[in-house]
$ cat my_file.cif   # mmCIF, C-alpha atoms
data_run
loop_
_atom_site.label_atom_id
_atom_site.label_comp_id
_atom_site.auth_asym_id
_atom_site.auth_seq_id
_atom_site.Cartn_x
_atom_site.Cartn_y
_atom_site.Cartn_z
CA MET M 1 22.92 25.34 -18.36
CA LYS M 2 19.78 27.45 -18.00
CA THR M 3 19.37 27.26 -14.24
CA TYR M 4 21.64 26.76 -11.26
CA TYR M 5 19.47 23.96 -9.88
CA ASP M 6 18.24 20.96 -11.89
CA PRO M 7 16.10 18.32 -10.06
CA GLU M 8 17.75 15.64 -12.22
CA ASP M 9 21.10 16.49 -10.59
CA LEU M 10 19.92 15.00 -7.31
CA LYS M 11 20.19 11.52 -8.83
CA LYS M 12 23.79 12.32 -9.79
CA PHE M 13 24.89 13.15 -6.25
CA GLY M 14 27.00 9.99 -6.13
CA LYS M 15 28.99 11.19 -9.11
CA ILE M 16 30.88 13.75 -7.03
CA SER M 17 33.24 10.83 -6.38
CA GLU M 18 34.40 10.98 -10.00
CA PHE M 19 36.69 13.93 -9.30
CA GLN M 20 37.93 12.70 -5.91
CA PRO M 21 37.08 9.00 -5.38
CA GLU M 22 38.77 8.54 -2.03
CA LEU M 23 37.13 11.46 -0.26
CA GLY M 24 33.86 10.78 -2.06
CA LYS M 25 33.82 7.19 -0.80
CA LYS M 26 34.67 8.28 2.75
CA PHE M 27 31.87 10.84 2.65
CA PHE M 28 29.21 8.44 1.38
CA ASP M 29 30.27 5.71 3.83
CA TYR M 30 29.96 8.24 6.62
CA TYR M 31 26.67 9.58 5.22
CA GLY M 32 25.19 6.09 5.07
CA HIS M 33 26.18 5.37 8.65
CA VAL M 34 24.82 8.66 9.96
CA PHE M 35 21.33 7.85 8.73
CA LYS M 36 21.21 4.30 10.05
CA GLU M 37 19.05 3.48 13.05
CA GLY M 38 21.07 4.34 16.16
CA ALA M 39 20.41 6.15 19.43
CA LEU M 40 17.99 8.11 17.26
CA THR M 41 15.54 6.31 15.00
CA ALA M 42 15.88 6.64 11.21
CA ARG M 43 12.57 8.50 11.34
CA GLU M 44 13.86 11.06 13.86
CA LYS M 45 16.95 11.55 11.72
CA ALA M 46 14.82 12.15 8.63
CA LEU M 47 12.90 14.89 10.48
CA ILE M 48 16.15 16.51 11.63
CA ALA M 49 17.47 16.27 8.05
CA VAL M 50 14.45 17.97 6.54
CA ALA M 51 14.71 20.76 9.14
CA VAL M 52 18.42 21.26 8.42
CA ALA M 53 17.68 21.15 4.68
CA HIS M 54 15.48 24.21 5.19
CA ALA M 55 18.03 25.93 7.38
CA VAL M 56 20.76 25.51 4.75
CA GLN M 57 18.17 26.11 2.01
CA CYS M 58 19.22 23.17 -0.16
CA PRO M 59 16.46 22.34 -2.65
CA TYR M 60 17.95 18.91 -3.36
CA CYS M 61 17.92 18.05 0.34
CA ILE M 62 14.39 19.42 0.79
CA ASP M 63 13.12 17.14 -2.01
CA ALA M 64 15.09 14.13 -0.81
CA TYR M 65 14.20 14.40 2.87
CA THR M 66 10.56 15.30 2.34
CA VAL M 67 10.23 11.98 0.49
CA ASP M 68 12.31 10.24 3.14
CA CYS M 69 10.06 11.61 5.90
CA MET M 70 6.93 10.46 4.02
CA GLU M 71 8.44 7.01 3.54
CA LYS M 72 9.18 6.88 7.26
CA GLY M 73 5.53 7.50 8.10
CA CYS M 74 5.66 11.22 8.91
CA ASP M 75 2.64 13.32 7.99
CA GLU M 76 2.47 16.89 6.74
CA GLU M 77 1.95 18.31 10.22
CA GLN M 78 5.05 16.62 11.61
CA ILE M 79 7.23 17.64 8.67
CA MET M 80 6.03 21.26 8.87
CA GLU M 81 6.68 21.35 12.61
CA SER M 82 10.28 20.34 11.94
CA VAL M 83 10.54 23.19 9.40
CA HIS M 84 9.28 25.54 12.11
CA VAL M 85 12.03 24.28 14.40
CA ALA M 86 14.54 25.30 11.72
CA ALA M 87 12.81 28.65 11.28
CA ALA M 88 12.71 29.27 15.03
CA ILE M 89 16.41 28.56 15.40
CA ARG M 90 17.29 30.72 12.39
CA GLY M 91 15.05 33.56 13.62
CA GLY M 92 16.28 33.15 17.17
CA ALA M 93 19.88 33.17 16.01
CA SER M 94 19.28 36.58 14.42
CA LEU M 95 17.37 37.96 17.36
CA VAL M 96 19.79 36.79 20.04
CA HIS M 97 22.40 39.00 18.33
CA GLY M 98 20.07 41.84 19.23
CA VAL M 99 21.65 41.64 22.66
CA GLN M 100 25.01 42.45 21.08
CA MET M 101 23.40 45.34 19.23
CA MET M 102 21.86 46.58 22.47
CA ASN M 103 25.20 46.27 24.26
CA LYS M 104 26.91 48.35 21.58
CA TYR M 105 24.07 50.83 21.48
CA LYS M 106 24.22 51.32 25.25
CA GLU M 107 28.00 51.52 25.20
CA LEU M 108 27.88 54.47 22.83
CA SER M 109 24.90 56.20 24.37
CA MET M 110 24.87 58.73 27.18
CA MET Q 1 -13.42 11.08 -8.22
CA THR Q 2 -16.96 9.78 -7.76
CA LYS Q 3 -17.08 7.40 -10.71
CA SER Q 4 -14.96 4.44 -11.73
CA LEU Q 5 -12.60 4.80 -14.69
CA LYS Q 6 -14.85 2.33 -16.49
CA ALA Q 7 -17.92 4.54 -16.01
CA LEU Q 8 -15.88 7.50 -17.23
CA GLY Q 9 -14.89 5.51 -20.33
CA HIS Q 10 -11.20 6.07 -19.56
CA GLU Q 11 -8.67 4.31 -21.80
CA LEU Q 12 -6.77 2.96 -18.77
CA THR Q 13 -9.61 0.53 -18.10
CA GLU Q 14 -8.19 -1.48 -20.99
CA SER Q 15 -5.55 -3.88 -19.72
CA GLU Q 16 -3.59 -3.65 -23.01
CA LYS Q 17 -3.25 0.12 -22.55
CA GLN Q 18 -2.02 -0.34 -19.00
CA LEU Q 19 0.47 -3.02 -19.99
CA LYS Q 20 1.72 -0.91 -22.89
CA LEU Q 21 2.32 2.00 -20.55
CA LEU Q 22 4.09 -0.23 -18.03
CA THR Q 23 6.42 -1.77 -20.59
CA GLN Q 24 7.13 1.48 -22.44
CA ALA Q 25 8.88 3.10 -19.49
CA GLY Q 26 12.28 1.75 -20.61
CA LEU Q 27 13.10 0.26 -17.23
CA THR Q 28 14.89 -3.03 -16.56
CA PRO Q 29 12.39 -5.81 -17.37
CA PHE Q 30 11.11 -7.49 -14.22
CA HIS Q 31 11.93 -10.96 -15.56
CA GLN Q 32 15.57 -9.90 -15.85
CA LYS Q 33 15.68 -8.90 -12.19
CA LEU Q 34 14.06 -12.22 -11.25
CA ASP Q 35 16.55 -14.08 -13.42
CA ASP Q 36 19.44 -12.31 -11.67
CA SER Q 37 17.95 -13.49 -8.37
CA GLY Q 38 17.61 -17.09 -9.64
CA LEU Q 39 13.81 -16.88 -9.53
CA PHE Q 40 12.88 -16.94 -13.20
CA PRO Q 41 10.59 -18.50 -14.27
CA LEU Q 42 8.65 -17.74 -11.11
CA GLN Q 43 6.70 -20.73 -9.88
CA PRO Q 44 4.27 -21.47 -7.05
CA THR Q 45 5.58 -23.07 -3.89
CA GLN Q 46 2.21 -24.32 -2.64
CA MET Q 47 -1.47 -23.39 -2.58
CA ASP Q 48 -2.18 -21.87 0.83
CA ILE Q 49 -4.58 -19.06 0.11
CA PHE Q 50 -7.65 -18.96 -2.08
CA GLN Q 51 -8.33 -15.28 -2.70
CA ILE Q 52 -11.76 -14.65 -4.14
CA ASN Q 53 -12.91 -11.35 -5.61
CA VAL Q 54 -16.67 -11.62 -5.15
CA GLY Q 55 -17.42 -8.48 -7.13
CA LYS Q 56 -16.31 -5.02 -8.12
CA MET Q 57 -19.22 -3.20 -6.52
CA CYS Q 58 -18.18 -0.93 -3.68
CA ASN Q 59 -19.63 1.94 -1.67
CA GLN Q 60 -16.33 3.82 -2.00
CA VAL Q 61 -14.32 5.11 -4.96
CA CYS Q 62 -10.76 5.21 -3.62
CA LYS Q 63 -8.18 7.03 -5.74
CA HIS Q 64 -5.66 4.19 -5.60
CA CYS Q 65 -8.05 1.26 -6.22
CA HIS Q 66 -6.48 -1.30 -8.56
CA VAL Q 67 -9.89 -2.94 -9.01
CA ASP Q 68 -11.47 0.31 -10.24
CA ALA Q 69 -14.30 -0.58 -7.89
CA GLY Q 70 -17.25 1.66 -7.09
CA PRO Q 71 -21.02 1.91 -6.80
CA ASP Q 72 -21.30 1.90 -10.59
CA ARG Q 73 -19.56 -1.47 -11.00
CA LYS Q 74 -22.09 -4.27 -11.49
CA GLU Q 75 -19.78 -7.28 -11.83
CA ILE Q 76 -20.85 -9.59 -9.00
CA MET Q 77 -20.10 -13.25 -8.33
CA THR Q 78 -23.18 -15.47 -8.57
CA ARG Q 79 -24.10 -18.22 -6.12
CA GLU Q 80 -23.37 -20.73 -8.89
CA THR Q 81 -19.78 -19.48 -9.20
CA MET Q 82 -19.48 -19.48 -5.41
CA SER Q 83 -20.47 -23.15 -5.46
CA LEU Q 84 -17.67 -23.81 -7.93
CA CYS Q 85 -15.33 -22.00 -5.53
CA LEU Q 86 -16.40 -24.29 -2.69
CA GLU Q 87 -15.58 -27.36 -4.80
CA ALA Q 88 -12.24 -25.95 -5.92
CA ILE Q 89 -11.23 -24.94 -2.37
CA GLN Q 90 -11.71 -28.53 -1.24
CA LYS Q 91 -9.60 -29.79 -4.15
CA SER Q 92 -6.91 -27.19 -3.54
CA GLY Q 93 -6.04 -27.98 0.06
CA ALA Q 94 -5.74 -24.25 0.77
CA HIS Q 95 -6.00 -23.45 4.48
CA THR Q 96 -7.23 -19.87 4.05
CA VAL Q 97 -9.99 -18.23 2.04
CA ASP Q 98 -9.52 -14.51 1.51
CA LEU Q 99 -12.64 -12.62 0.41
CA THR Q 100 -12.16 -9.32 -1.36
CA GLY Q 101 -13.91 -6.99 -3.77
CA GLY Q 102 -15.16 -4.19 -4.12
CA ALA Q 103 -16.91 -4.37 -0.83
CA PRO Q 104 -17.46 -8.15 -0.56
CA GLU Q 105 -20.37 -7.61 1.84
CA MET Q 106 -22.36 -5.95 -0.99
CA ASN Q 107 -22.60 -9.24 -2.83
CA PRO Q 108 -26.17 -10.44 -2.13
CA ASP Q 109 -24.88 -13.98 -1.54
CA PHE Q 110 -21.98 -12.93 0.70
CA ARG Q 111 -23.48 -14.28 3.92
CA TRP Q 112 -24.57 -17.54 2.32
CA PHE Q 113 -21.05 -17.97 0.95
CA VAL Q 114 -19.41 -17.31 4.33
CA GLU Q 115 -21.72 -19.82 6.00
CA GLU Q 116 -20.80 -22.46 3.40
CA LEU Q 117 -17.11 -21.65 3.77
CA SER Q 118 -17.40 -22.00 7.54
CA LEU Q 119 -18.59 -25.57 7.06
CA LEU Q 120 -15.33 -26.33 5.23
CA GLY Q 121 -13.37 -25.42 8.36
CA LYS Q 122 -11.06 -23.00 6.56
CA LYS Q 123 -9.69 -19.79 7.97
CA ILE Q 124 -11.75 -16.98 6.46
CA ILE Q 125 -10.46 -13.46 5.87
CA VAL Q 126 -12.77 -10.64 4.82
CA ARG Q 127 -11.24 -7.47 3.40
CA CYS Q 128 -13.76 -5.06 4.85
CA ASN Q 129 -13.51 -1.39 3.90
CA LEU Q 130 -15.07 -0.45 7.29
CA THR Q 131 -17.48 2.18 5.97
CA ILE Q 132 -19.78 -0.53 4.59
CA ILE Q 133 -20.64 -1.42 8.21
CA VAL Q 134 -22.20 2.02 8.76
CA ALA Q 135 -23.35 2.58 5.16
CA ASN Q 136 -26.81 1.10 5.65
CA LYS Q 137 -28.82 -0.42 8.49
CA LYS Q 138 -28.71 -3.84 6.84
CA TYR Q 139 -24.92 -3.89 7.35
CA HIS Q 140 -24.87 -2.74 10.98
CA ASP Q 141 -24.80 -6.34 12.26
CA LEU Q 142 -21.72 -7.28 10.22
CA PRO Q 143 -19.42 -7.23 13.29
CA GLU Q 144 -21.68 -9.82 14.94
CA PHE Q 145 -21.85 -11.85 11.74
CA PHE Q 146 -18.04 -11.78 11.42
CA LYS Q 147 -17.74 -12.83 15.06
CA LYS Q 148 -20.17 -15.71 14.64
CA HIS Q 149 -18.01 -17.16 11.89
CA GLN Q 150 -14.68 -16.27 13.53
CA ILE Q 151 -13.71 -14.29 10.47
CA GLU Q 152 -10.42 -12.43 10.41
CA VAL Q 153 -11.18 -8.85 9.43
CA VAL Q 154 -8.60 -6.92 7.39
CA SER Q 155 -9.41 -3.26 6.87
CA SER Q 156 -7.76 -0.35 5.13
CA LEU Q 157 -6.97 2.75 7.12
CA PRO Q 158 -4.27 4.74 5.34
CA TYR Q 159 -3.59 6.97 8.32
CA PHE Q 160 -4.76 7.96 11.78
CA SER Q 161 -5.91 11.35 10.53
CA ALA Q 162 -8.88 12.42 8.44
CA VAL Q 163 -6.88 14.52 5.96
CA LYS Q 164 -4.73 11.68 4.65
CA THR Q 165 -7.44 9.04 4.82
CA ASP Q 166 -10.08 11.13 3.07
CA SER Q 167 -7.66 12.35 0.38
CA GLN Q 168 -7.27 8.74 -0.70
CA ARG Q 169 -10.59 7.11 0.15
CA GLY Q 170 -13.14 9.92 -0.12
CA GLU Q 171 -14.64 12.66 2.01
CA GLY Q 172 -15.93 11.53 5.38
CA VAL Q 173 -14.40 8.05 5.08
CA PHE Q 174 -12.13 8.53 8.10
CA GLU Q 175 -14.97 9.48 10.44
CA ARG Q 176 -17.12 6.58 9.24
CA SER Q 177 -14.15 4.18 9.49
CA ILE Q 178 -13.59 5.21 13.12
CA ARG Q 179 -17.26 4.55 13.88
CA ALA Q 180 -17.02 1.12 12.26
CA LEU Q 181 -13.79 0.29 14.11
CA LYS Q 182 -15.52 1.12 17.41
CA MET Q 183 -18.35 -1.25 16.47
CA LEU Q 184 -15.82 -4.00 15.71
CA ASN Q 185 -14.02 -3.35 19.02
CA GLU Q 186 -17.33 -3.49 20.87
CA VAL Q 187 -17.92 -7.11 19.85
CA GLY Q 188 -14.32 -7.99 20.71
CA TYR Q 189 -12.45 -7.51 17.42
CA GLY Q 190 -8.86 -6.44 18.00
CA VAL Q 191 -9.25 -6.86 21.75
CA ALA Q 192 -6.48 -8.86 23.45
CA ASN Q 193 -7.32 -12.52 24.13
CA SER Q 194 -10.70 -12.31 22.37
CA GLY Q 195 -9.49 -14.52 19.53
CA LEU Q 196 -11.12 -12.09 17.11
CA ILE Q 197 -8.52 -10.69 14.75
CA LEU Q 198 -8.73 -7.17 13.36
CA ASN Q 199 -5.78 -6.21 11.19
CA LEU Q 200 -5.39 -2.84 9.54
CA VAL Q 201 -3.80 -2.03 6.21
CA TYR Q 202 -1.71 1.06 5.58
CA ASN Q 203 -0.90 2.10 2.06
CA PRO Q 204 0.73 5.40 1.11
CA SER Q 205 -1.57 8.30 0.22
CA GLY Q 206 0.57 9.30 -2.73
CA ALA Q 207 3.56 8.39 -4.88
CA PHE Q 208 5.94 7.11 -2.24
CA LEU Q 209 6.86 3.81 -0.59
CA PRO Q 210 5.47 2.65 2.75
CA PRO Q 211 7.47 3.09 5.96
CA SER Q 212 8.70 0.33 8.23
CA GLN Q 213 5.70 -1.83 9.12
CA GLU Q 214 6.82 -2.41 12.71
CA GLU Q 215 7.42 1.24 13.54
CA LEU Q 216 4.22 2.36 11.87
CA GLU Q 217 2.21 -0.29 13.70
CA LEU Q 218 3.44 1.08 17.03
CA GLU Q 219 2.50 4.61 16.03
CA PHE Q 220 -0.93 3.57 14.71
CA LYS Q 221 -1.62 1.68 17.94
CA ARG Q 222 -0.58 4.62 20.09
CA LYS Q 223 -2.50 7.23 18.11
CA LEU Q 224 -5.69 5.22 17.59
CA LYS Q 225 -5.78 4.28 21.28
CA ASP Q 226 -5.06 7.79 22.56
CA ARG Q 227 -7.31 9.65 20.18
CA TYR Q 228 -10.22 7.25 19.65
CA ASP Q 229 -9.76 4.41 22.17
CA ILE Q 230 -9.50 1.94 19.27
CA VAL Q 231 -7.46 -1.25 19.38
CA PHE Q 232 -6.37 -3.65 16.65
CA ASN Q 233 -3.98 -6.57 16.18
CA GLN Q 234 -1.51 -6.03 13.35
CA LEU Q 235 -0.79 -3.36 10.77
CA PHE Q 236 0.09 -4.46 7.24
CA ALA Q 237 2.11 -1.91 5.26
CA ILE Q 238 1.31 -2.34 1.58
CA THR Q 239 2.88 -0.75 -1.49
CA ASN Q 240 0.58 0.73 -4.13
CA LEU Q 241 0.92 -1.10 -7.44
CA PRO Q 242 0.80 0.81 -10.72
CA VAL Q 243 -2.47 -0.72 -11.89
CA SER Q 244 -5.80 0.86 -12.83
CA ARG Q 245 -6.74 3.92 -10.74
CA TYR Q 246 -3.36 4.17 -9.01
CA LEU Q 247 -1.67 4.05 -12.41
CA HIS Q 248 -4.09 6.75 -13.55
CA TYR Q 249 -3.18 8.86 -10.51
CA LEU Q 250 0.55 8.42 -11.16
CA VAL Q 251 0.24 9.50 -14.79
CA ASN Q 252 -2.09 12.42 -14.04
CA SER Q 253 0.03 13.76 -11.21
CA GLY Q 254 3.28 13.52 -13.20
CA ASN Q 255 4.66 10.94 -10.77
CA TYR Q 256 4.60 7.87 -13.00
CA GLU Q 257 8.25 7.77 -14.14
CA GLY Q 258 9.66 8.73 -10.75
CA TYR Q 259 7.56 6.13 -8.96
CA MET Q 260 8.49 3.33 -11.36
CA GLU Q 261 12.19 4.24 -11.06
CA LYS Q 262 11.83 4.14 -7.30
CA LEU Q 263 10.21 0.68 -7.41
CA VAL Q 264 12.96 -0.68 -9.67
CA GLU Q 265 15.74 0.82 -7.55
CA ALA Q 266 14.18 -0.67 -4.41
CA TYR Q 267 13.98 -4.21 -5.88
CA ASN Q 268 14.70 -6.68 -3.10
CA PRO Q 269 15.48 -10.34 -4.00
CA MET Q 270 14.35 -11.46 -0.53
CA ALA Q 271 10.94 -9.91 -1.13
CA ALA Q 272 10.84 -11.43 -4.62
CA ALA Q 273 11.33 -14.93 -3.19
CA ASN Q 274 8.30 -14.47 -0.93
CA VAL Q 275 5.78 -12.84 -3.26
CA MET Q 276 2.20 -13.84 -2.50
CA CYS Q 277 1.49 -15.23 -5.98
CA ARG Q 278 3.66 -18.21 -5.00
CA ASN Q 279 1.17 -19.50 -2.44
CA THR Q 280 -2.08 -17.84 -3.51
CA ILE Q 281 -4.57 -18.28 -6.31
CA SER Q 282 -6.85 -15.41 -7.24
CA VAL Q 283 -10.41 -15.96 -8.48
CA SER Q 284 -12.42 -13.32 -10.33
CA TRP Q 285 -16.14 -12.62 -9.95
CA ASP Q 286 -16.79 -14.71 -13.07
CA GLY Q 287 -14.72 -17.69 -11.92
CA TYR Q 288 -11.47 -17.22 -13.84
CA LEU Q 289 -8.15 -17.92 -12.19
CA TYR Q 290 -5.20 -15.57 -11.86
CA ASP Q 291 -1.81 -15.49 -10.16
CA CYS Q 292 -2.90 -12.50 -8.05
CA ASP Q 293 -5.55 -9.79 -7.79
CA PHE Q 294 -3.35 -7.39 -9.80
CA ASN Q 295 -2.93 -9.84 -12.69
CA GLN Q 296 -6.69 -10.31 -12.48
CA MET Q 297 -7.28 -6.60 -13.04
CA LEU Q 298 -4.81 -6.66 -15.94
CA ASP Q 299 -6.70 -9.62 -17.39
CA LEU Q 300 -3.62 -11.87 -17.25
CA LYS Q 301 -5.09 -15.31 -16.63
CA VAL Q 302 -2.97 -18.16 -15.26
CA ALA Q 303 -0.64 -19.72 -17.81
CA CYS Q 304 -1.97 -23.29 -17.70
CA LYS Q 305 -4.97 -25.27 -18.90
CA SER Q 306 -6.87 -24.71 -15.69
CA THR Q 307 -7.96 -21.12 -16.27
CA HIS Q 308 -11.47 -21.37 -14.80
CA LEU Q 309 -13.03 -22.85 -11.68
CA SER Q 310 -15.03 -25.23 -13.88
CA ASP Q 311 -11.81 -27.01 -14.85
CA PHE Q 312 -9.87 -26.48 -11.64
CA ASN Q 313 -6.85 -28.75 -11.46
CA ASN Q 314 -4.58 -28.28 -8.48
CA GLU Q 315 -1.60 -30.09 -9.95
CA ASP Q 316 -1.82 -28.18 -13.20
CA LEU Q 317 -1.92 -24.90 -11.27
CA LEU Q 318 0.99 -25.80 -9.02
CA ASN Q 319 3.15 -26.55 -12.06
CA ARG Q 320 2.43 -23.30 -13.88
CA ASN Q 321 4.80 -20.43 -14.48
CA ILE Q 322 3.52 -17.26 -12.84
CA ILE Q 323 2.85 -14.41 -15.24
CA ILE Q 324 4.94 -11.37 -14.45
CA ASN Q 325 5.22 -7.86 -15.80
CA GLN Q 326 6.54 -4.47 -14.76
CA HIS Q 327 3.79 -3.91 -12.16
CA CYS Q 328 5.31 -6.79 -10.15
CA TYR Q 329 8.06 -4.41 -9.00
CA GLY Q 330 5.43 -3.11 -6.56
CA CYS Q 331 5.52 -6.39 -4.62
CA THR Q 332 9.32 -6.62 -4.52
CA ALA Q 333 10.28 -3.08 -3.51
CA GLY Q 334 11.91 -2.47 -0.16
CA ALA Q 335 10.51 -4.71 2.54
CA GLY Q 336 8.16 -6.26 -0.04
CA SER Q 337 4.40 -6.11 -0.21
CA SER Q 338 1.54 -8.57 -0.13
CA CYS Q 339 -2.04 -8.75 1.10
CA GLY Q 340 -0.51 -9.78 4.42
CA GLY Q 341 1.96 -6.89 4.55
CA THR Q 342 5.72 -6.99 4.14
CA THR Q 343 7.45 -10.12 2.85
CA ALA Q 344 11.17 -9.58 3.46
#

$ encode --input "my_file.cif" --output "structure tokens"
Amino acid sequence: MKTYYDPEDLKKFGKISEFQPELGKKFFDYYGHVFKEGALTAREKALIAVAVAHAVQCPYCIDAYTVDCMEKGCDEEQIMESVHVAAAIRGGASLVHGVQMMNKYKELSM
Amino acid sequence: MTKSLKALGHELTESEKQLKLLTQAGLTPFHQKLDDSGLFPLQPTQMDIFQINVGKMCNQVCKHCHVDAGPDRKEIMTRETMSLCLEAIQKSGAHTVDLTGGAPEMNPDFRWFVEELSLLGKKIIVRCNLTIIVANKKYHDLPEFFKKHQIEVVSSLPYFSAVKTDSQRGEGVFERSIRALKMLNEVGYGVANSGLILNLVYNPSGAFLPPSQEELELEFKRKLKDRYDIVFNQLFAITNLPVSRYLHYLVNSGNYEGYMEKLVEAYNPMAAANVMCRNTISVSWDGYLYDCDFNQMLDLKVACKSTHLSDFNNEDLLNRNIIINQHCYGCTAGAGSSCGGTTA
């Protein structure tokens, strides 16, 4: 293998069941149900998925859910806004810890 | 792209080259899928719609056009061939006549033909690209002309934004389309209880499948009303078929294999049972008969004796086997696709 990530591997996702069929089946059943139309629309779920894909930095998920968003009628502006939501939460999660840093700093300062 | 593939002398204008490319991909043959669904050989159910391509001339050069239409295309249906159409329509018993092109309005005999068709009492659909209405002063009265003949107008608008529309249909097309839609609304098209039907067509601006027609229609209605105060009746979500310029786009952008795999994976037997070629006959500018507009562009004439309007035989046509090939996966993917939107 020349690289850690191969786009062709995305199509083989289902094959993870080969090594553990029971858990694999449970996962994919669950996965399928999660993305069905529910209290949230399938389109809203696709936008959440593409945002999370960026937060967890999974190239397979980014490819898969960008296509999914497009096939659910989302345009580039909407998809990018969802990526910004991920970025804002990630950035905010770092920055909110600044309070902890400030607390410690003040604790040790005269 | 400002010229048709034909004007550029591109090899994909040859139907044999397109068919070779489509069958070389190593995917499950379409006839096998149909056979598995109990639909092979595919046969017509009835003759409801007479779809007439009155010419390949168009004021636009859209990237996905399966007709390879454009200003440089000179193939135009003559009044003589239109007269043969009128005779055949009466023999066929079809209730709807669907006029397409190119931009059908650019045919010099378009208005004469519509007037003659009106006398037959058939429902008339015109596939209007919108921009033709504002392209030249002589077309500005088209909304009134459509209204006079109670024509159902079906128009492409790939998205409610300029970026996506223009990337597919050409620079400035969105702005001109909005102007034309306002003109259609002004005479009553798309307005509730006016009886004047204005349907829009969405097709993906790229190598992906269309979204849910119902959801997209709601979003189109909301956005077009809020942003431009435009109303319309229905939205048809159509899948792009790998024929002519769209096939060229797929190959050039490196999306051909992935797109074909996607179409095959998304095969839906329900959609296959309702494909439009089962109740439609397609007529070319020179009077030949085809199972659909896509087969027409691939030069796949109907498989029966009655291949031209001059020897139109309804019974012969109804008993034919429909010619299929790998491009047909485009009509059977997901929720299905036809000139009237989804089929499953």

$ interface_residues --input "my_file.cif" --of "chain Q" --to "chain M" --cutoff "12 Å" --atoms "all atoms listed in the file" --output "JSON, numbers by chain"
{"Q": [158, 159, 160, 161, 162, 163, 164, 165, 202, 203, 204, 205, 206, 207, 208, 209, 210, 211, 212, 213, 214, 215, 216, 217, 218, 219, 220, 237, 238, 239, 258, 259, 261, 262, 265, 334, 335]}

$ residues_around --input "my_file.cif" --residues "region 45-48 of chain M" --least-positions-apart "2" --cutoff "12 Å" --atoms "all atoms listed in the file" --output "VMD selection string"
(chain M and resid 31 to 43 50 to 55 61 to 86) or (chain Q and resid 211)

$ resolve_selection --input "my_file.cif" --expression "the PyMOL selection byres ((chain Q and resi 110) around 12)" --output "number ranges by chain"
Q: 52-55, 76-79, 82, 99-101, 103-109, 111-117, 126, 139, 142, 145-146

$ resolve_selection --input "my_file.cif" --expression "the PyMOL selection byres ((chain Q and resi 243) around 8)" --output "PyMOL selection string"
chain Q and resi 18+66+241-242+244-248+294+297-298+327

$ closest_residue --input "my_file.cif" --among "Q:Gln234, Q:Ser167, Q:Asn252, Q:Thr280" --to "Val154 (chain Q)" --atoms "only C-alpha atoms"
Q:Gln234

$ residues_near_point --input "my_file.cif" --point "(7.9, -22.9, -7.2)" --cutoff "9 Å" --atoms "only C-alpha atoms" --output "list of chain:residue names"
Q:Leu39, Q:Pro41, Q:Leu42, Q:Gln43, Q:Pro44, Q:Thr45, Q:Gln46, Q:Arg278, Q:Asn279, Q:Leu318, Q:Asn319, Q:Arg320, Q:Asn321

$ atom_distance --input "my_file.cif" --atom1 "CA of Phe174 (chain Q)" --atom2 "CA of Lys3 (chain Q)"
19.5 Å

$ atom_distance --input "my_file.cif" --atom1 "CA of Asn255 (chain Q)" --atom2 "CA of Cys58 (chain Q)"
26.7 Å

$ resolve_selection --input "my_file.cif" --expression "the PyMOL selection byres ((chain Q and resi 314) around 10)" --output "PyMOL selection string"
chain Q and resi 46-47+88-89+91-93+306+311-313+315-319

$ closest_residue --input "my_file.cif" --among "Q:Ala272, Q:Leu300, Q:Cys292, Q:Val283" --to "Ser37 (chain Q)" --atoms "only C-alpha atoms"
Q:Ala272

$ atom_distance --input "my_file.cif" --atom1 "CA of Asn185 (chain Q)" --atom2 "CA of Asn199 (chain Q)"
11.7 Å

$ closest_residue --input "my_file.cif" --among "Q:Ser156, Q:Asn325, Q:Ser338, Q:Ser310" --to "Gln168 (chain Q)" --atoms "all atoms listed in the file"
Q:Ser156

$ residues_around --input "my_file.cif" --residues "Phe13 (chain M)" --least-positions-apart "4" --cutoff "12 Å" --atoms "all atoms listed in the file" --output "PDB file with C-alpha atoms, in the coordinates of the input"
ATOM      1  CA  ASP M   6      18.240  20.960 -11.890  1.00  0.00           C
ATOM      2  CA  PRO M   7      16.100  18.320 -10.060  1.00  0.00           C
ATOM      3  CA  GLU M   8      17.750  15.640 -12.220  1.00  0.00           C
ATOM      4  CA  ASP M   9      21.100  16.490 -10.590  1.00  0.00           C
ATOM      5  CA  SER M  17      33.240  10.830  -6.380  1.00  0.00           C
ATOM      6  CA  GLU M  18      34.400  10.980 -10.000  1.00  0.00           C
ATOM      7  CA  GLY M  24      33.860  10.780  -2.060  1.00  0.00           C
ATOM      8  CA  PHE M  27      31.870  10.840   2.650  1.00  0.00           C
ATOM      9  CA  PHE M  28      29.210   8.440   1.380  1.00  0.00           C
ATOM     10  CA  TYR M  60      17.950  18.910  -3.360  1.00  0.00           C
ATOM     11  CA  CYS M  61      17.920  18.050   0.340  1.00  0.00           C
ATOM     12  CA  ALA M  64      15.090  14.130  -0.810  1.00  0.00           C
TER      13      ALA M  64
END

$ closest_residue --input "my_file.cif" --among "Q:Ile124, Q:Val275, Q:Val191, Q:Ala135" --to "Val153 (chain Q)" --atoms "all atoms listed in the file"
Q:Ile124

$ closest_residue --input "my_file.cif" --among "Q:Glu175, Q:Asp166, Q:Asp229, Q:Asp98" --to "Lys63 (chain Q)" --atoms "all atoms listed in the file"
Q:Asp166
